[in-house]
$ cat input-v5.txt   # compact mmCIF, C-alpha atoms
# COMPACT_ATOMS: atom_id res chain seq x y z
CA MET B 1016 -34.35 5.52 24.96
CA SER B 1017 -32.70 2.43 26.47
CA ASN B 1018 -29.23 2.51 28.00
CA THR B 1019 -27.85 0.56 25.02
CA GLN B 1020 -29.31 3.09 22.60
CA LYS B 1021 -27.83 5.93 24.66
CA ARG B 1022 -24.42 4.24 24.56
CA ILE B 1023 -24.57 3.80 20.79
CA ALA B 1024 -25.76 7.36 20.16
CA SER B 1025 -23.12 8.81 22.47
CA ALA B 1026 -20.39 6.68 20.89
CA VAL B 1027 -21.35 7.90 17.41
CA VAL B 1028 -21.30 11.54 18.52
CA LEU B 1029 -17.93 11.11 20.24
CA ALA B 1030 -16.47 9.36 17.18
CA LEU B 1031 -17.66 12.22 14.97
CA ILE B 1032 -16.10 14.83 17.25
CA VAL B 1033 -12.76 12.98 17.23
CA ALA B 1034 -12.89 12.49 13.45
CA ILE B 1035 -13.68 16.16 12.81
CA CYS B 1036 -10.85 17.36 15.05
CA ILE B 1037 -8.39 15.00 13.35
CA TYR B 1038 -9.62 16.10 9.92
CA PHE B 1039 -8.88 19.75 10.64
CA GLY B 1040 -5.29 18.96 11.58
CA THR B 1041 -2.76 18.84 14.37
CA LYS B 1042 -3.81 21.93 16.28
CA THR B 1043 -7.47 21.00 16.58
CA ALA B 1044 -6.60 17.43 17.55
CA MET B 1045 -4.20 18.64 20.25
CA ALA B 1046 -6.80 21.15 21.44
CA LEU B 1047 -9.31 18.30 21.80
CA ILE B 1048 -6.79 16.36 23.88
CA LEU B 1049 -6.35 19.37 26.15
CA VAL B 1050 -10.13 19.72 26.63
CA ILE B 1051 -10.34 16.01 27.47
CA GLY B 1052 -7.55 16.48 30.00
CA VAL B 1053 -9.24 19.46 31.67
CA ILE B 1054 -12.53 17.57 32.04
CA SER B 1055 -10.72 14.48 33.34
CA ILE B 1056 -8.95 16.45 36.05
CA ASP B 1057 -12.27 17.96 37.07
CA GLU B 1058 -13.81 14.50 37.40
CA LEU B 1059 -10.85 13.12 39.35
CA PHE B 1060 -10.58 16.15 41.63
CA VAL B 1061 -14.28 16.57 42.39
CA ASN B 1062 -15.81 13.10 42.12
CA PHE B 1063 -12.93 10.79 43.01
CA LEU B 1064 -11.22 12.91 45.66
CA LYS B 1065 -14.29 14.85 46.85
CA GLY B 1066 -12.56 18.20 46.31
CA SER B 1067 -14.27 21.52 45.71
CA ARG B 1068 -14.15 23.53 42.49
CA LYS B 1069 -14.14 26.71 44.59
CA THR B 1070 -10.56 26.33 45.77
CA ILE B 1071 -7.13 27.52 44.70
CA THR B 1072 -5.95 23.89 44.59
CA TYR B 1073 -8.57 23.11 41.94
CA LEU B 1074 -7.31 25.94 39.75
CA LEU B 1075 -3.68 24.99 40.33
CA ALA B 1076 -4.40 21.38 39.39
CA HIS B 1077 -5.73 22.56 36.04
CA GLY B 1078 -2.92 25.04 35.62
CA ALA B 1079 -0.37 22.28 36.17
CA LEU B 1080 -1.88 20.52 33.15
CA ILE B 1081 -2.58 23.46 30.87
CA ALA B 1082 0.72 25.34 31.23
CA PRO B 1083 3.17 22.56 30.25
CA TYR B 1084 0.80 21.16 27.63
CA MET B 1085 0.38 24.55 25.96
CA TYR B 1086 4.10 25.28 26.13
CA LEU B 1087 5.32 22.02 24.63
CA ASN B 1088 2.58 21.45 22.08
CA PHE B 1089 1.65 24.96 20.96
CA LEU B 1090 4.60 27.23 21.83
CA ASP B 1091 7.65 24.97 21.86
CA SER B 1092 8.26 21.69 20.05
CA SER B 1093 11.32 20.54 22.01
CA PRO B 1094 11.51 16.78 21.34
CA HIS B 1095 13.73 16.19 24.37
CA LEU B 1096 11.17 17.61 26.79
CA VAL B 1097 8.36 15.64 25.16
CA GLU B 1098 10.51 12.50 25.41
CA ALA B 1099 11.07 13.21 29.11
CA PHE B 1100 7.30 13.30 29.65
CA VAL B 1101 6.91 9.97 27.84
CA ASN B 1102 9.57 8.40 30.08
CA ALA B 1103 7.87 9.89 33.13
CA GLY B 1104 4.62 8.33 31.91
CA LEU B 1105 6.30 4.92 31.88
CA VAL B 1106 7.49 5.44 35.46
CA LEU B 1107 3.96 6.45 36.48
CA ASN B 1108 2.61 3.28 34.89
CA LEU B 1109 5.06 1.22 36.94
CA LEU B 1110 3.81 2.89 40.11
CA LEU B 1111 0.21 2.27 39.07
CA LEU B 1112 1.01 -1.41 38.51
CA ILE B 1113 2.40 -1.59 42.04
CA TYR B 1114 -0.77 0.09 43.29
CA LEU B 1115 -2.98 -2.37 41.42
CA PHE B 1116 -1.24 -5.61 42.37
CA TYR B 1117 0.26 -4.89 45.78
CA THR B 1118 -2.17 -2.52 47.49
CA PRO B 1119 -5.00 -4.31 49.36
CA MET B 1120 -8.49 -3.38 48.27
CA SER B 1121 -9.30 -2.48 51.87
CA SER B 1122 -6.38 -0.07 52.09
CA LYS B 1123 -7.13 3.66 51.97
CA PHE B 1124 -3.47 4.69 51.94
CA VAL B 1125 -3.22 5.72 48.28
CA VAL B 1126 -6.62 7.40 48.17
CA GLY B 1127 -5.85 9.16 51.43
CA LYS B 1128 -2.59 10.54 50.09
CA LEU B 1129 -4.28 11.68 46.89
CA GLN B 1130 -6.93 13.48 48.93
CA GLN B 1131 -4.25 15.05 51.07
CA TYR B 1132 -2.25 16.21 48.06
CA ARG B 1133 -4.99 16.69 45.47
CA MET B 1134 -2.79 18.48 42.96
CA SER B 1135 -0.89 15.23 42.44
CA ILE B 1136 -3.94 13.93 40.57
CA THR B 1137 -2.78 16.09 37.65
CA LEU B 1138 0.03 13.61 36.95
CA LEU B 1139 -2.52 10.88 36.20
CA VAL B 1140 -3.73 13.02 33.29
CA LEU B 1141 -0.73 15.14 32.26
CA LEU B 1142 1.82 12.38 31.64
CA PRO B 1143 -0.44 10.13 29.51
CA LEU B 1144 -1.73 13.12 27.52
CA MET B 1145 1.82 14.30 26.87
CA SER B 1146 2.61 10.81 25.62
CA LEU B 1147 -0.42 10.95 23.36
CA ALA B 1148 0.53 14.40 22.08
CA SER B 1149 4.06 13.16 21.28
CA ILE B 1150 2.57 11.18 18.41
CA PHE B 1151 1.84 14.44 16.57
CA GLN B 1152 5.55 15.04 15.93
CA TYR B 1153 5.51 12.33 13.23
CA ASN B 1154 4.43 12.95 9.65
CA LYS B 1155 2.10 9.94 9.76
CA TRP B 1156 0.55 10.94 13.07
CA ILE B 1157 -2.99 10.32 11.82
CA SER B 1158 -2.18 6.71 10.94
CA LEU B 1159 -0.41 6.19 14.26
CA LEU B 1160 -3.31 7.69 16.19
CA VAL B 1161 -5.87 5.61 14.28
CA ILE B 1162 -3.97 2.41 15.09
CA LEU B 1163 -3.80 3.32 18.78
CA LEU B 1164 -7.53 4.01 18.93
CA LEU B 1165 -8.36 0.82 17.02
CA VAL B 1166 -6.18 -1.32 19.30
CA ASN B 1167 -7.89 0.17 22.34
CA PHE B 1168 -11.34 -0.23 20.77
CA GLY B 1169 -10.45 -3.77 19.69
CA MET B 1170 -9.63 -4.72 23.26
CA ASP B 1171 -12.90 -3.32 24.59
CA THR B 1172 -15.00 -4.90 21.86
CA GLY B 1173 -13.21 -8.25 21.88
CA ALA B 1174 -13.34 -8.50 25.67
CA TRP B 1175 -17.05 -7.73 25.64
CA PHE B 1176 -17.84 -10.25 22.86
CA PHE B 1177 -15.71 -13.13 24.14
CA GLY B 1178 -16.60 -12.45 27.76
CA LYS B 1179 -20.31 -12.39 27.05
CA ASN B 1180 -20.31 -15.52 24.88
CA PHE B 1181 -17.54 -17.64 26.37
CA GLY B 1182 -16.70 -16.10 29.74
CA LYS B 1183 -16.75 -18.62 32.60
CA HIS B 1184 -13.75 -17.79 34.75
CA LYS B 1185 -13.74 -14.48 36.63
CA LEU B 1186 -10.59 -12.41 36.21
CA TRP B 1187 -10.56 -10.39 39.45
CA PRO B 1188 -13.99 -10.24 41.12
CA SER B 1189 -13.00 -7.88 43.95
CA VAL B 1190 -11.76 -5.24 41.47
CA SER B 1191 -14.01 -5.75 38.45
CA PRO B 1192 -16.64 -8.48 38.92
CA ASN B 1193 -17.81 -8.59 35.29
CA LYS B 1194 -14.45 -9.23 33.63
CA THR B 1195 -13.47 -12.77 32.69
CA ILE B 1196 -10.23 -14.46 31.67
CA GLU B 1197 -11.83 -15.53 28.38
CA GLY B 1198 -12.80 -11.93 27.70
CA VAL B 1199 -9.28 -10.65 28.33
CA VAL B 1200 -7.71 -13.29 26.08
CA GLY B 1201 -10.26 -12.65 23.36
CA GLY B 1202 -9.77 -8.90 23.63
CA ALA B 1203 -5.97 -9.22 23.39
CA LEU B 1204 -6.29 -11.41 20.29
CA THR B 1205 -8.70 -8.90 18.76
CA SER B 1206 -6.25 -6.05 19.45
CA ALA B 1207 -3.43 -8.07 17.88
CA PHE B 1208 -5.46 -8.80 14.77
CA VAL B 1209 -6.88 -5.30 14.29
CA GLY B 1210 -3.58 -3.56 15.07
CA GLY B 1211 -1.54 -5.90 12.86
CA ILE B 1212 -3.87 -5.67 9.87
CA PHE B 1213 -4.18 -1.89 9.98
CA PHE B 1214 -0.44 -1.44 10.54
CA HIS B 1215 0.16 -3.49 7.40
CA PHE B 1216 -2.46 -1.51 5.50
CA LEU B 1217 -1.11 1.89 6.59
CA PHE B 1218 2.63 1.20 6.75
CA GLY B 1219 3.12 -1.83 4.52
CA LYS B 1220 4.71 -3.91 7.25
CA MET B 1221 3.54 -7.19 8.75
CA GLU B 1222 5.67 -9.02 11.30
CA VAL B 1223 4.92 -11.47 14.09
CA LYS B 1224 6.42 -9.11 16.66
CA LEU B 1225 3.88 -6.47 15.66
CA PHE B 1226 0.98 -8.79 16.48
CA ILE B 1227 2.62 -9.60 19.81
CA PHE B 1228 3.11 -5.90 20.51
CA PHE B 1229 -0.52 -5.04 19.77
CA ALA B 1230 -1.68 -7.93 21.94
CA PHE B 1231 0.49 -6.49 24.71
CA LEU B 1232 -1.08 -3.07 24.20
CA GLY B 1233 -4.51 -4.67 24.44
CA LEU B 1234 -3.56 -6.24 27.77
CA MET B 1235 -2.22 -2.90 29.01
CA SER B 1236 -5.52 -1.34 28.01
CA GLN B 1237 -7.30 -3.84 30.23
CA VAL B 1238 -4.85 -3.20 33.06
CA GLY B 1239 -5.61 0.51 32.81
CA ASP B 1240 -9.30 -0.26 33.14
CA LEU B 1241 -8.62 -2.42 36.21
CA ILE B 1242 -6.61 0.38 37.83
CA GLN B 1243 -9.47 2.80 37.37
CA SER B 1244 -11.98 0.23 38.63
CA LYS B 1245 -9.94 -0.28 41.78
CA LEU B 1246 -9.58 3.46 42.31
CA LYS B 1247 -13.31 3.98 41.86
CA ARG B 1248 -14.13 1.24 44.36
CA GLN B 1249 -11.75 2.69 46.91
CA CYS B 1250 -13.23 6.15 46.32
CA GLU B 1251 -16.72 4.60 46.57
CA ILE B 1252 -18.07 5.88 43.25
CA LYS B 1253 -19.59 4.11 40.25
CA ASP B 1254 -18.65 6.47 37.40
CA SER B 1255 -16.26 9.39 37.07
CA SER B 1256 -19.31 11.54 36.19
CA ALA B 1257 -22.58 11.41 34.27
CA LEU B 1258 -21.41 13.67 31.45
CA ILE B 1259 -21.72 11.13 28.62
CA PRO B 1260 -25.15 9.44 28.43
CA GLY B 1261 -24.84 5.69 28.80
CA HIS B 1262 -21.08 5.80 29.32
CA GLY B 1263 -20.43 7.74 32.50
CA GLY B 1264 -17.69 10.33 32.45
CA VAL B 1265 -14.81 11.29 30.18
CA TYR B 1266 -12.26 9.60 32.43
CA ASP B 1267 -14.34 6.40 32.29
CA ARG B 1268 -13.89 6.38 28.51
CA ILE B 1269 -10.16 7.14 28.36
CA ASP B 1270 -8.69 5.38 31.41
CA SER B 1271 -7.46 2.35 29.46
CA LEU B 1272 -6.25 4.50 26.56
CA MET B 1273 -4.24 6.71 28.89
CA PHE B 1274 -2.48 3.77 30.50
CA LEU B 1275 -1.37 2.13 27.26
CA THR B 1276 -0.35 5.38 25.50
CA PRO B 1277 3.09 5.77 27.16
CA PHE B 1278 4.00 2.22 26.08
CA TYR B 1279 2.86 2.98 22.54
CA ALA B 1280 4.67 6.32 22.37
CA ALA B 1281 7.91 4.80 23.68
CA ALA B 1282 7.74 1.91 21.19
CA ILE B 1283 7.24 4.31 18.29
CA LYS B 1284 10.21 6.39 19.40
CA TYR B 1285 12.71 3.65 20.13
CA PHE B 1286 11.76 0.80 17.78
CA TYR B 1287 9.98 2.05 14.70
CA PHE B 1288 10.34 5.76 14.11
CA GLY B 1289 13.26 6.80 16.33

$ encode --input "input-v5.txt" --output "structure tokens"
Amino acid sequence: MSNTQKRIASAVVLALIVAICIYFGTKTAMALILVIGVISIDELFVNFLKGSRKTITYLLAHGALIAPYMYLNFLDSSPHLVEAFVNAGLVLNLLLLIYLFYTPMSSKFVVGKLQQYRMSITLLVLLPLMSLASIFQYNKWISLLVILLLVNFGMDTGAWFFGKNFGKHKLWPSVSPNKTIEGVVGGALTSAFVGGIFFHFLFGKMEVKLFIFFAFLGLMSQVGDLIQSKLKRQCEIKDSSALIPGHGGVYDRIDSLMFLTPFYAAAIKYFYFG
């Protein structure tokens, strides 16, 4: 089986798992998110930061994710605490933007600090996943989640198509040598179109600002991918793991989604469904 065939087969299986969990309701969908978070922390802790699974710190890193996630999403539905996590996710994104644009590729400062304080890696997973879980407090959470996934998928697909067929100008070779400016623009336009059309179909609303917002989310998706690419290069690894045939690891598949989710959750809260 070729790598392309592996990628397609794995993508189909993953899509089915997500669809089944969504079909069975809120609890199964939130449980899937928690499983994804646990695996992501394992990949970050062991493969990125070269930590050992046979340590107390490894267990504490997982506990720091599981305990608050279980409390807020299964035991307590306090909207104020969930909102606080969304706001914290926005602050984290700001720090990640500073890391991406102002930290030299040759610098080991950030990676060194993460290796020194490995439990801090939990924040890279906890805050975005809390933002994602906040969507479940709305009656139309399935529609909102579908739009988020389609916008993220639209960016990936559009960037691949336009980059492959029209890409001539490299975006940032030292961070991600295969990405092009044409691909990013095409991906953002695809996200805008897909997000706008499906928002109209599911919510009966079509406005110019919605298309602009979904284009912005597409760009944030690409930024999230660049952040992970830079982190992987500084950690000297190619993939977060080899768990998913043809795709790499779980964190490889959700890095862009996790970065754009706090922006999406905040917009839903303050502009559309607050």

$ closest_residue --input "input-v5.txt" --among "B:Leu1241, B:Ile1157, B:Ala1207, B:Ile1071" --to "B:Trp1187" --atoms "only C-alpha atoms"
B:Leu1241

$ residues_around --input "input-v5.txt" --residues "stretch 1024-1027 of chain B" --least-positions-apart "5" --cutoff "8 Å" --atoms "all atoms listed in the file" --output "list of chain:residue names"
B:Ile1259, B:Pro1260, B:Gly1261, B:His1262

$ residues_around --input "input-v5.txt" --residues "stretch 1101-1104 of chain B" --least-positions-apart "5" --cutoff "6 Å" --atoms "only C-alpha atoms" --output "list in words"
Leu1142, Pro1143, Ser1146 and Pro1277 of chain B

$ atom_distance --input "input-v5.txt" --atom1 "atom CA of B:Ser1271" --atom2 "atom CA of B:Asp1091"
28.2 Å

$ closest_residue --input "input-v5.txt" --among "B:Leu1047, B:Met1120, B:Ile1196, B:Leu1107" --to "B:Lys1247" --atoms "all atoms listed in the file"
B:Met1120

$ closest_residue --input "input-v5.txt" --among "B:Phe1228, B:Phe1214, B:Trp1175, B:Phe1124" --to "B:Gly1202" --atoms "all atoms listed in the file"
B:Trp1175

$ closest_residue --input "input-v5.txt" --among "B:Ile1252, B:Ser1244, B:Asn1088, B:Val1033" --to "B:Ile1051" --atoms "only C-alpha atoms"
B:Val1033

$ closest_residue --input "input-v5.txt" --among "B:Gly1052, B:Val1097, B:Phe1060, B:Ser1206" --to "B:Val1126" --atoms "all atoms listed in the file"
B:Phe1060
